[in-house]
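S.K.: This is entry.cif (mmCIF, C-alpha atoms).
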```
data_data
loop_
_atom_site.label_atom_id
_atom_site.label_comp_id
_atom_site.auth_asym_id
_atom_site.auth_seq_id
_atom_site.Cartn_x
_atom_site.Cartn_y
_atom_site.Cartn_z
CA MET A 1 -40.28 -87.08 205.32
CA ILE A 2 -37.87 -88.56 202.80
CA PRO A 3 -36.20 -91.98 203.14
CA THR A 4 -32.98 -91.85 205.16
CA GLU A 5 -31.02 -93.31 202.22
CA ASP A 6 -32.05 -90.35 200.04
CA LEU A 7 -31.03 -87.92 202.76
CA ILE A 8 -27.63 -89.62 202.99
CA ASN A 9 -27.19 -89.35 199.23
CA GLN A 10 -28.10 -85.66 199.30
CA LEU A 11 -25.74 -84.94 202.17
CA ALA A 12 -22.89 -86.85 200.52
CA GLU A 13 -23.47 -85.20 197.12
CA GLY A 14 -23.30 -81.71 198.59
CA VAL A 15 -20.35 -82.31 200.94
CA GLN A 16 -17.83 -79.48 200.89
CA PRO A 17 -14.38 -79.42 202.49
CA VAL A 18 -14.55 -77.79 205.93
CA ARG A 19 -11.92 -76.08 208.04
CA ARG A 20 -11.48 -78.04 211.27
CA LEU A 21 -11.60 -76.19 214.55
CA ARG A 22 -8.32 -76.02 216.40
CA PRO A 23 -8.24 -77.48 219.92
CA PRO A 24 -10.20 -75.33 222.42
CA LEU A 25 -7.09 -74.58 224.48
CA VAL A 26 -5.42 -73.05 221.42
CA ARG A 27 -8.54 -71.07 220.46
CA ALA A 28 -9.04 -69.76 224.00
CA SER A 29 -5.36 -68.76 224.23
CA GLN A 30 -5.52 -66.89 220.93
CA TRP A 31 -8.61 -65.00 222.02
CA LEU A 32 -7.11 -64.12 225.41
CA LEU A 33 -3.89 -62.99 223.73
CA GLY A 34 -5.92 -60.67 221.53
CA VAL A 35 -7.61 -59.16 224.59
CA LEU A 36 -4.24 -58.81 226.33
CA LEU A 37 -2.76 -56.95 223.35
CA VAL A 38 -5.67 -54.52 222.97
CA ALA A 39 -6.17 -53.91 226.69
CA GLY A 40 -2.39 -53.67 227.22
CA ALA A 41 -2.08 -51.05 224.48
CA VAL A 42 -4.91 -48.95 225.97
CA ILE A 43 -3.48 -49.23 229.50
CA LEU A 44 0.02 -48.25 228.38
CA ALA A 45 -1.30 -45.38 226.26
CA THR A 46 -3.34 -43.91 229.12
CA GLY A 47 -0.58 -44.27 231.69
CA ALA A 48 -2.77 -46.34 233.96
CA VAL A 49 0.14 -48.59 234.95
CA GLN A 50 1.41 -46.00 237.43
CA ARG A 51 -1.89 -45.95 239.31
CA PHE A 52 -2.04 -49.73 239.29
CA ALA A 53 1.47 -49.94 240.76
CA GLU A 54 0.46 -47.60 243.58
CA ARG A 55 -2.62 -49.61 244.34
CA SER A 56 -0.79 -52.91 244.30
CA LEU A 57 0.93 -51.80 247.52
CA THR A 58 -2.38 -52.38 249.33
CA PRO A 59 -2.24 -55.73 251.14
CA GLY A 60 -4.38 -58.41 249.51
CA PHE A 61 -4.73 -56.47 246.27
CA ASP A 62 -2.40 -58.72 244.23
CA ALA A 63 -4.21 -61.88 245.26
CA GLU A 64 -7.58 -60.37 244.47
CA TRP A 65 -6.50 -59.12 241.07
CA ALA A 66 -4.83 -62.43 240.18
CA ALA A 67 -8.01 -64.29 241.16
CA THR A 68 -10.08 -61.95 238.96
CA VAL A 69 -7.85 -62.56 235.95
CA LEU A 70 -7.77 -66.30 236.63
CA THR A 71 -11.58 -66.38 236.80
CA GLY A 72 -11.71 -64.69 233.42
CA ILE A 73 -9.16 -67.06 231.85
CA CYS A 74 -10.80 -70.19 233.28
CA ALA A 75 -14.30 -69.09 232.27
CA VAL A 76 -13.22 -68.32 228.69
CA LEU A 77 -11.42 -71.67 228.40
CA ALA A 78 -14.49 -73.45 229.82
CA ALA A 79 -16.72 -71.70 227.27
CA PHE A 80 -14.56 -72.96 224.39
CA GLN A 81 -14.50 -76.49 225.83
CA LEU A 82 -18.25 -76.61 226.48
CA SER A 83 -19.04 -75.41 222.97
CA LEU A 84 -17.89 -78.78 221.54
CA PRO A 85 -20.08 -81.87 221.66
CA ASP A 86 -17.46 -84.31 222.94
CA ARG A 87 -16.07 -82.36 225.90
CA SER A 88 -17.10 -83.01 229.48
CA ARG A 89 -19.81 -80.85 230.99
CA HIS A 90 -17.71 -80.62 234.14
CA TRP A 91 -15.68 -77.87 232.46
CA LEU A 92 -18.47 -75.66 233.78
CA TRP A 93 -16.92 -75.90 237.28
CA LEU A 94 -13.44 -74.75 236.20
CA PRO A 95 -13.99 -71.01 236.92
CA LEU A 96 -15.63 -71.69 240.30
CA PRO A 97 -12.50 -71.92 242.55
CA PRO A 98 -10.89 -68.67 241.32
CA LEU A 99 -14.33 -67.01 241.44
CA LEU A 100 -14.68 -67.92 245.11
CA VAL A 101 -11.15 -66.65 245.86
CA TRP A 102 -11.91 -63.42 244.00
CA LEU A 103 -15.16 -62.80 245.87
CA GLY A 104 -13.55 -63.75 249.19
CA ALA A 105 -10.57 -61.46 248.61
CA SER A 106 -12.71 -58.48 247.63
CA GLY A 107 -14.92 -59.12 250.62
CA PHE A 108 -11.84 -59.06 252.83
CA GLY A 109 -10.65 -55.84 251.17
CA CYS A 110 -14.02 -54.21 251.91
CA TYR A 111 -13.91 -55.31 255.51
CA ARG A 112 -10.47 -53.79 255.89
CA SER A 113 -11.50 -50.49 254.30
CA TRP A 114 -14.54 -50.47 256.59
CA LEU A 115 -12.25 -50.77 259.62
CA VAL A 116 -9.80 -48.14 258.37
CA GLU A 117 -12.16 -45.58 256.93
CA GLY A 118 -15.35 -46.15 258.85
CA ALA A 119 -18.86 -46.99 257.76
CA ASP A 120 -19.81 -43.51 256.50
CA ARG A 121 -17.14 -43.38 253.80
CA SER A 122 -17.63 -47.03 252.83
CA LEU A 123 -21.32 -46.78 252.10
CA GLN A 124 -21.20 -43.71 249.85
CA LEU A 125 -22.11 -44.30 246.25
CA GLY A 126 -19.29 -41.99 245.09
CA GLU A 127 -17.39 -43.34 242.13
CA SER A 128 -19.32 -46.62 242.07
CA ALA A 129 -21.64 -45.52 239.27
CA HIS A 130 -18.56 -44.89 237.14
CA CYS A 131 -17.31 -48.46 237.83
CA PHE A 132 -20.69 -49.88 236.92
CA LEU A 133 -20.68 -48.16 233.55
CA PHE A 134 -17.03 -49.11 233.01
CA ILE A 135 -17.69 -52.83 233.52
CA LEU A 136 -20.69 -52.74 231.17
CA ALA A 137 -18.90 -50.66 228.54
CA VAL A 138 -15.86 -52.98 228.45
CA SER A 139 -17.98 -56.15 228.62
CA VAL A 140 -20.07 -55.39 225.55
CA PRO A 141 -17.23 -55.32 222.99
CA LEU A 142 -15.54 -58.27 224.72
CA ALA A 143 -18.77 -60.28 224.61
CA ILE A 144 -19.20 -59.55 220.92
CA ALA A 145 -15.58 -60.49 220.27
CA LEU A 146 -16.03 -63.78 222.16
CA THR A 147 -19.26 -64.67 220.37
CA VAL A 148 -17.52 -64.68 216.99
CA PRO A 149 -15.24 -67.70 217.64
CA LEU A 150 -17.87 -69.46 219.80
CA ARG A 151 -20.36 -69.25 216.92
CA ARG A 152 -18.04 -71.36 214.81
CA SER A 153 -18.47 -74.28 217.23
CA ARG A 154 -22.26 -74.37 216.64
CA PRO A 155 -22.84 -75.53 220.24
CA LEU A 156 -25.79 -77.89 220.69
CA GLU A 157 -26.29 -76.69 224.26
CA PRO A 158 -25.59 -72.95 224.20
CA ARG A 159 -26.66 -72.16 227.75
CA PRO A 160 -23.62 -73.35 229.77
CA VAL A 161 -21.35 -71.93 227.04
CA LEU A 162 -22.98 -68.54 227.46
CA TRP A 163 -22.88 -68.57 231.26
CA CYS A 164 -19.13 -69.19 231.11
CA ALA A 165 -18.62 -66.64 228.33
CA GLY A 166 -20.54 -64.02 230.34
CA LEU A 167 -18.56 -64.72 233.49
CA GLY A 168 -15.27 -64.64 231.59
CA VAL A 169 -16.06 -61.32 229.93
CA ALA A 170 -17.29 -59.76 233.19
CA ALA A 171 -14.22 -60.94 235.14
CA LEU A 172 -11.82 -59.64 232.49
CA SER A 173 -13.64 -56.29 232.50
CA ALA A 174 -13.38 -56.13 236.30
CA ALA A 175 -9.65 -56.92 236.04
CA ILE A 176 -9.14 -54.14 233.49
CA LEU A 177 -11.19 -51.81 235.71
CA GLN A 178 -8.56 -52.13 238.45
CA PHE A 179 -6.17 -50.10 236.28
CA PHE A 180 -8.64 -47.23 236.22
CA HIS A 181 -9.82 -47.48 239.83
CA PRO A 182 -7.66 -45.06 241.76
CA PHE A 183 -8.96 -45.90 245.25
CA ASN A 184 -9.48 -48.90 247.45
CA ILE A 185 -12.60 -50.89 247.01
CA THR A 186 -15.44 -50.11 249.44
CA VAL A 187 -18.49 -52.15 250.39
CA MET A 188 -20.57 -50.11 247.98
CA ASP A 189 -18.00 -50.65 245.23
CA LEU A 190 -18.07 -54.38 245.77
CA ALA A 191 -21.86 -54.43 245.65
CA VAL A 192 -21.87 -52.37 242.48
CA HIS A 193 -19.19 -54.58 240.88
CA LEU A 194 -21.17 -57.68 241.75
CA VAL A 195 -24.38 -56.24 240.31
CA ALA A 196 -22.55 -55.23 237.11
CA ILE A 197 -20.94 -58.68 236.78
CA ALA A 198 -24.23 -60.46 237.44
CA LEU A 199 -25.92 -58.23 234.87
CA VAL A 200 -23.29 -59.05 232.25
CA VAL A 201 -23.59 -62.79 232.93
CA LEU A 202 -27.38 -62.60 232.72
CA LEU A 203 -27.34 -60.48 229.56
CA VAL A 204 -24.87 -62.72 227.77
CA GLY A 205 -26.63 -65.86 229.03
CA GLY A 206 -30.04 -64.57 228.01
CA LEU A 207 -29.38 -62.76 224.76
CA GLY A 208 -26.62 -64.85 223.28
CA ARG A 209 -28.63 -67.91 222.26
CA LYS A 210 -29.60 -66.56 218.86
CA ALA A 211 -26.06 -65.35 218.28
CA LEU A 212 -24.60 -68.84 218.69
CA ARG A 213 -26.61 -70.32 215.78
CA ARG A 214 -27.62 -73.55 217.40
CA PRO A 215 -28.23 -76.12 214.64
CA ALA A 216 -31.99 -76.43 214.12
CA GLY A 217 -33.78 -79.76 214.39
CA LEU A 218 -36.08 -81.26 211.78
CA ALA A 219 -39.78 -80.58 212.12
CA SER A 220 -41.68 -83.49 213.63
CA HIS A 221 -43.45 -85.86 211.27
CA PRO A 222 -47.09 -84.90 210.78
CA GLY A 223 -49.67 -86.74 212.86
CA MET B 1 -13.28 -111.47 240.90
CA ASN B 2 -12.38 -112.69 237.47
CA SER B 3 -9.67 -110.44 236.16
CA THR B 4 -9.25 -112.12 232.79
CA VAL B 5 -11.60 -111.12 229.99
CA SER B 6 -13.08 -113.93 227.94
CA ALA B 7 -11.84 -114.25 224.37
CA PRO B 8 -15.16 -113.41 222.64
CA ALA B 9 -15.68 -110.33 224.81
CA GLN B 10 -12.16 -109.17 224.03
CA SER B 11 -12.59 -109.64 220.30
CA ALA B 12 -15.94 -107.80 220.44
CA ALA B 13 -14.25 -104.89 222.20
CA GLU B 14 -11.50 -104.90 219.59
CA ALA B 15 -14.07 -104.93 216.80
CA ALA B 16 -15.88 -101.96 218.36
CA LEU B 17 -12.57 -100.13 218.60
CA GLN B 18 -11.83 -100.92 214.95
CA VAL B 19 -15.23 -99.57 213.92
CA GLY B 20 -14.65 -96.36 215.87
CA LEU B 21 -11.24 -95.90 214.26
CA ARG B 22 -12.65 -96.51 210.79
CA TRP B 23 -15.46 -94.01 211.34
CA GLY B 24 -13.00 -91.43 212.64
CA LEU B 25 -10.86 -91.92 209.54
CA LEU B 26 -13.86 -91.68 207.18
CA MET B 27 -14.99 -88.53 208.99
CA SER B 28 -11.61 -86.88 208.62
CA GLN B 29 -11.70 -87.72 204.88
CA ALA B 30 -15.23 -86.28 204.70
CA GLN B 31 -13.95 -83.07 206.31
CA GLY B 32 -11.63 -82.80 203.33
CA GLY B 33 -14.64 -83.01 200.98
CA ASP B 34 -14.38 -86.75 200.11
CA ALA B 35 -17.98 -87.59 199.08
CA PRO B 36 -17.66 -91.40 198.73
CA ALA B 37 -16.03 -91.67 202.18
CA TYR B 38 -18.76 -89.49 203.63
CA ARG B 39 -21.53 -91.55 202.01
CA ARG B 40 -19.96 -94.76 203.36
CA LEU B 41 -19.70 -93.26 206.82
CA LEU B 42 -23.33 -92.11 206.88
CA ILE B 43 -24.58 -95.46 205.55
CA GLU B 44 -22.66 -97.26 208.32
CA LEU B 45 -23.85 -94.79 210.96
CA ALA B 46 -27.57 -95.04 210.14
CA PRO B 47 -28.20 -98.48 211.77
CA TYR B 48 -26.04 -97.55 214.76
CA LEU B 49 -28.02 -94.33 215.27
CA ARG B 50 -31.28 -96.22 214.74
CA ALA B 51 -30.31 -98.53 217.61
CA ILE B 52 -29.65 -95.53 219.88
CA ALA B 53 -32.91 -93.82 218.85
CA ARG B 54 -34.95 -96.99 219.50
CA ARG B 55 -34.05 -96.74 223.17
CA TYR B 56 -35.91 -93.43 223.39
CA HIS B 57 -38.81 -93.69 220.92
CA ARG B 58 -41.58 -96.21 220.47
CA ASP B 59 -42.98 -94.88 217.20
CA PRO B 60 -40.77 -96.07 214.29
CA ARG B 61 -41.41 -92.75 212.54
CA ASP B 62 -39.89 -90.95 215.52
CA VAL B 63 -36.90 -93.27 215.35
CA GLU B 64 -36.35 -92.44 211.68
CA ASP B 65 -36.92 -88.71 212.29
CA SER B 66 -34.32 -88.79 215.05
CA VAL B 67 -31.82 -90.63 212.84
CA GLN B 68 -32.26 -87.99 210.12
CA ASP B 69 -32.05 -85.23 212.70
CA VAL B 70 -28.74 -86.57 213.98
CA LEU B 71 -27.38 -87.02 210.45
CA LEU B 72 -28.30 -83.43 209.54
CA THR B 73 -26.79 -82.08 212.76
CA LEU B 74 -23.63 -84.13 212.21
CA HIS B 75 -23.42 -82.58 208.75
CA VAL B 76 -23.72 -79.05 210.10
CA VAL B 77 -21.17 -79.52 212.92
CA ARG B 78 -18.78 -81.86 211.09
CA HIS B 79 -15.96 -79.30 211.38
CA THR B 80 -16.01 -79.69 215.18
CA TYR B 81 -14.75 -83.30 215.03
CA ASP B 82 -11.07 -83.50 215.94
CA PRO B 83 -9.48 -86.55 214.19
CA ALA B 84 -6.99 -86.81 217.06
CA ARG B 85 -9.86 -87.78 219.38
CA PRO B 86 -12.13 -90.84 219.40
CA PHE B 87 -15.11 -90.56 217.05
CA LYS B 88 -17.78 -92.51 218.94
CA PRO B 89 -18.06 -90.26 222.04
CA TRP B 90 -18.44 -87.26 219.71
CA LEU B 91 -21.18 -89.00 217.75
CA VAL B 92 -23.01 -90.44 220.76
CA THR B 93 -23.14 -87.12 222.66
CA LEU B 94 -24.40 -85.40 219.55
CA ALA B 95 -27.05 -88.08 219.01
CA ARG B 96 -28.22 -88.08 222.64
CA ARG B 97 -28.56 -84.30 222.74
CA ARG B 98 -30.49 -84.20 219.48
CA ILE B 99 -32.82 -87.02 220.60
CA ALA B 100 -33.34 -85.26 223.94
CA ASP B 101 -34.32 -82.11 222.01
CA ARG B 102 -36.91 -84.06 220.02
CA LEU B 103 -38.34 -85.65 223.18
CA ARG B 104 -38.60 -82.24 224.83
CA THR B 105 -40.47 -80.81 221.83
CA GLN B 106 -42.77 -83.83 221.79
CA TRP B 107 -43.61 -83.48 225.46
CA ARG B 108 -44.40 -79.84 224.93
CA THR B 109 -46.64 -80.69 221.96
CA CYS B 110 -48.31 -83.57 223.80
CA ALA B 111 -49.28 -81.20 226.57
CA ARG B 112 -51.23 -79.09 224.07
CA GLU B 113 -52.61 -81.70 221.66
CA ALA B 114 -54.94 -84.66 222.01
CA GLN B 115 -54.25 -87.82 220.03
CA LEU B 116 -56.91 -88.93 217.54
CA ASN B 117 -57.23 -92.55 216.60
CA GLU B 118 -57.58 -93.65 212.97
CA SER B 119 -61.40 -93.98 212.93
CA GLN B 120 -62.04 -90.58 214.52
CA TYR B 121 -60.64 -88.40 211.80
CA GLU B 122 -61.64 -90.44 208.76
CA THR B 123 -64.56 -88.97 206.87
CA PHE B 124 -65.91 -92.43 206.09
CA ALA B 125 -65.40 -95.44 208.30
CA GLU B 126 -65.41 -97.86 205.34
CA GLU B 127 -61.96 -99.20 204.45
CA ARG B 128 -62.76 -98.94 200.72
CA THR B 129 -63.18 -95.16 200.88
CA ASN B 130 -59.81 -94.67 202.55
CA PRO B 131 -57.30 -96.39 200.30
CA SER B 132 -54.07 -96.94 202.14
CA GLU B 133 -51.82 -96.38 199.13
CA GLU B 134 -50.56 -92.91 198.35
CA PRO B 135 -53.20 -90.78 196.64
CA PRO B 136 -52.57 -90.39 192.91
CA GLU B 137 -51.75 -86.67 193.30
CA GLU B 138 -48.84 -87.48 195.54
CA ARG B 139 -47.51 -90.07 193.10
CA LEU B 140 -47.83 -87.59 190.25
CA LEU B 141 -45.99 -84.96 192.28
CA GLN B 142 -43.22 -87.41 193.19
CA SER B 143 -42.70 -88.43 189.57
CA ALA B 144 -42.77 -84.79 188.47
CA ILE B 145 -40.06 -83.98 191.05
CA GLU B 146 -38.01 -86.90 189.73
CA GLN B 147 -38.03 -85.26 186.28
CA LEU B 148 -36.49 -82.00 187.53
CA PRO B 149 -32.78 -81.22 187.03
CA ALA B 150 -30.65 -82.32 190.01
CA ALA B 151 -30.14 -78.86 191.58
CA GLN B 152 -33.84 -77.99 191.39
CA ARG B 153 -34.82 -81.42 192.72
CA GLN B 154 -32.54 -80.98 195.70
CA ALA B 155 -33.85 -77.47 196.37
CA VAL B 156 -37.45 -78.68 196.38
CA ARG B 157 -36.67 -81.64 198.63
CA LEU B 158 -34.74 -79.62 201.19
CA LEU B 159 -36.85 -76.48 201.27
CA LYS B 160 -40.36 -77.71 200.53
CA MET B 161 -40.51 -81.36 201.56
CA GLN B 162 -38.20 -81.21 204.58
CA GLU B 163 -39.16 -77.62 205.39
CA MET B 164 -35.61 -76.49 206.10
CA SER B 165 -34.61 -72.86 206.29
CA LEU B 166 -32.64 -71.38 203.38
CA GLN B 167 -29.49 -71.28 205.56
CA GLU B 168 -29.73 -74.94 206.51
CA ALA B 169 -30.46 -76.00 202.95
CA ALA B 170 -27.49 -73.93 201.76
CA GLN B 171 -25.22 -75.65 204.31
CA ILE B 172 -26.33 -79.10 203.22
CA SER B 173 -26.49 -78.63 199.47
CA GLY B 174 -23.42 -76.46 199.16
CA GLN B 175 -25.46 -74.05 196.98
CA SER B 176 -25.70 -70.39 197.89
CA VAL B 177 -28.92 -68.98 199.34
CA SER B 178 -29.63 -66.98 196.21
CA SER B 179 -29.06 -69.92 193.86
CA LEU B 180 -31.37 -72.03 196.07
CA LYS B 181 -34.05 -69.34 195.75
CA VAL B 182 -33.65 -69.31 191.96
CA ALA B 183 -33.68 -73.12 191.78
CA THR B 184 -36.84 -73.34 193.91
CA HIS B 185 -38.58 -70.71 191.81
CA ARG B 186 -37.69 -72.53 188.60
CA ALA B 187 -38.62 -75.88 190.10
CA MET B 188 -42.04 -74.57 191.11
CA LYS B 189 -42.61 -73.25 187.60
CA SER B 190 -41.60 -76.54 185.97
CA LEU B 191 -43.67 -78.55 188.47
CA ARG B 192 -46.73 -76.45 187.68
CA ARG B 193 -46.14 -77.07 183.98
CA LEU B 194 -45.48 -80.81 184.44
CA LEU B 195 -48.51 -81.33 186.65
CA ALA B 196 -50.76 -79.32 184.32
CA ALA B 197 -49.56 -81.51 181.45
CA ASP B 198 -50.31 -84.64 183.51
CA ARG B 199 -53.82 -83.41 184.27
CA SER B 200 -54.64 -82.60 180.67
CA GLU B 201 -53.71 -86.16 179.69
CA PRO B 202 -56.60 -88.55 180.28
#
```
Please express the file's structure as structure tokens.

M.R.:
Amino acid sequence: MIPTEDLINQLAEGVQPVRRLRPPLVRASQWLLGVLLVAGAVILATGAVQRFAERSLTPGFDAEWAATVLTGICAVLAAFQLSLPDRSRHWLWLPLPPLLVWLGASGFGCYRSWLVEGADRSLQLGESAHCFLFILAVSVPLAIALTVPLRRSRPLEPRPVLWCAGLGVAALSAAILQFFHPFNITVMDLAVHLVAIALVVLLVGGLGRKALRRPAGLASHPG
Amino acid sequence: MNSTVSAPAQSAAEAALQVGLRWGLLMSQAQGGDAPAYRRLLIELAPYLRAIARRYHRDPRDVEDSVQDVLLTLHVVRHTYDPARPFKPWLVTLARRRIADRLRTQWRTCAREAQLNESQYETFAEERTNPSEEPPEERLLQSAIEQLPAAQRQAVRLLKMQEMSLQEAAQISGQSVSSLKVATHRAMKSLRRLLAADRSEP
């Protein structure tokens, strides 16, 4: 334990110029723009737009997809806000309304497909395993790409940051999935999507703490 | 209800606002690498942080530990302060979270450890056998550290006496990890030499 005055002198002697963080809204927008460019290029290159246009004729699909994207955007913005010490913790609630709309709309879509196609078709596993892998495979690079800017904030409380980051990444993956999902969502699909999204949120929330480099505290004084 | 604010209260509020503005300004200069501004800021912050820490700790050593903890954390996250926003909320949130961390660790430790009182762990109960001043070895070590070149002295203080990790020490000192390793190695060698010389003297 050294005297506080000495610590102050040491800190002041070694002070280096630092690059300030830009406002969280700007940082979140830049990150989302990057995702839009990459995902947009892949979607255009694979010709997935055509399939998406066909699917968007299904009633309720537009609202559901918009809510998915909005959940992703809100959760990513919330993660950037929460990573700073002087922002309100209530940012955590920002993704909740679009999340509820998204879940409600996909639930409604399932119910409709149940009525139209019958229970037998709806409960088959079918393509669901493919969706599950798709959400995980897209989430991993997105999560890594989101950790890089969030690390720069050195959040003192990484947990809420990571929950939001995980939700944002999972929602964006689910939104991208819709371009490669050539059929209407069934009950089984919804269940599989939810499990995949929950898994991504849990993985990011659980594994990301080390990655965010939380500033360490001093050891306690002896005795 | 009295809607008018009394003159002293108003001037106190204005003074607090002035202080916050000055700290914000000093911090933005410190972000540009201005060492004197940074030193002034930290010196002014120490008593303010001490007052916050006293609300949570009874032991004065804990208070001082918390103040140093907050200062170190502030140093590491100083790039997250936005000069367009008020400084005090940034500082106070940071301080409260750091103090809460320390309290949490203490509670965890308390659950595992039993407190000893002074007489229980002394070998001899007599006051004379337990001099309260620093033992001579510690004084010798301190004076030997004082004799080291500045970079080595800083490396020893950060890495050995404050038990920081190489990364943290590199952040604070502005030296690279490898130069810190070299400085510590050299410091240890010179300390061994200095202390051996001290011992051989009568």

S.K.: Calculate how many Å separate atom CA of Gln178 of chain A from atom CA of Trp65 of chain A, rounding to one decimal.

M.R.: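 A separation of 7.7 Å between them.
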
S.K.: I need the contact residues of chain A against chain B, so if you could list those with any atom within 7 Å, counting all atoms listed in the file, and return them as a ChimeraX atom specification, that would help.

M.R.: /A:1,4,8-9,11-21,84-86,153-154,215,217-218

S.K.: Separation of atom CA of Leu82 of chain A and atom CA of Arg159 of chain A, in Å?

M.R.: 9.6 Å

S.K.: Of the candidates B:Thr109, B:Ser11, B:Gln18, B:Thr184, which one gets nearest to Leu148 of chain B if we count all atoms listed in the file?

M.R.: B:Thr184

S.K.: Quick one: distance from atom CA of Trp102 of chain A to atom CA of Ala165 of chain A in Å, one decimal?

M.R.: 17.3 Å

S.K.: Using the chain letters and numbering of this document, enumerate as a ChimeraX atom specification the residues selected by the PyMOL selection byres ((chain A and resi 75) around 8).

M.R.: /A:71-74,76-79,92,94-95,164-165,167-168

S.K.: Quick one: residues within 9 Å of Leu141 of chain B, all atoms listed in the file, excluding same-chain residues fewer than 5 positions away - as a ChimeraX atom specification?

M.R.: /B:136,146,191,194-195

S.K.: Please provide the set of residues having any atom within 7 Å of Phe132 of chain A, restricted to all atoms listed in the file, with same-chain residues fewer than 3 positions apart removed, written as a list of chain:residue names.

M.R.: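 Counting all atoms listed in the file, the residues come to A:Ser128, A:Ala129, A:Ile135, A:Leu136, A:Val192, A:His193, A:Ala196.
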
S.K.: Please write out, as AutoDock Vina command-line options, where the centre of an axis-aligned box around all listed atoms of segment 9-17 of chain A lies and how long its edges are, in Å to one decimal, after adding 8 Å on each side.

M.R.:
```
--center_x -21.2 --center_y -84.4 --center_z 199.8 --size_x 29.7 --size_y 25.9 --size_z 21.4
```

S.K.: Pick the closest to Leu25 of chain A from A:Ser113, A:Ser56, A:Gln81, A:Gln50: which is it, counting only C-alpha atoms?

M.R.: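 The shortest atom-to-atom distance to Leu25 of chain A comes from A:Gln81.
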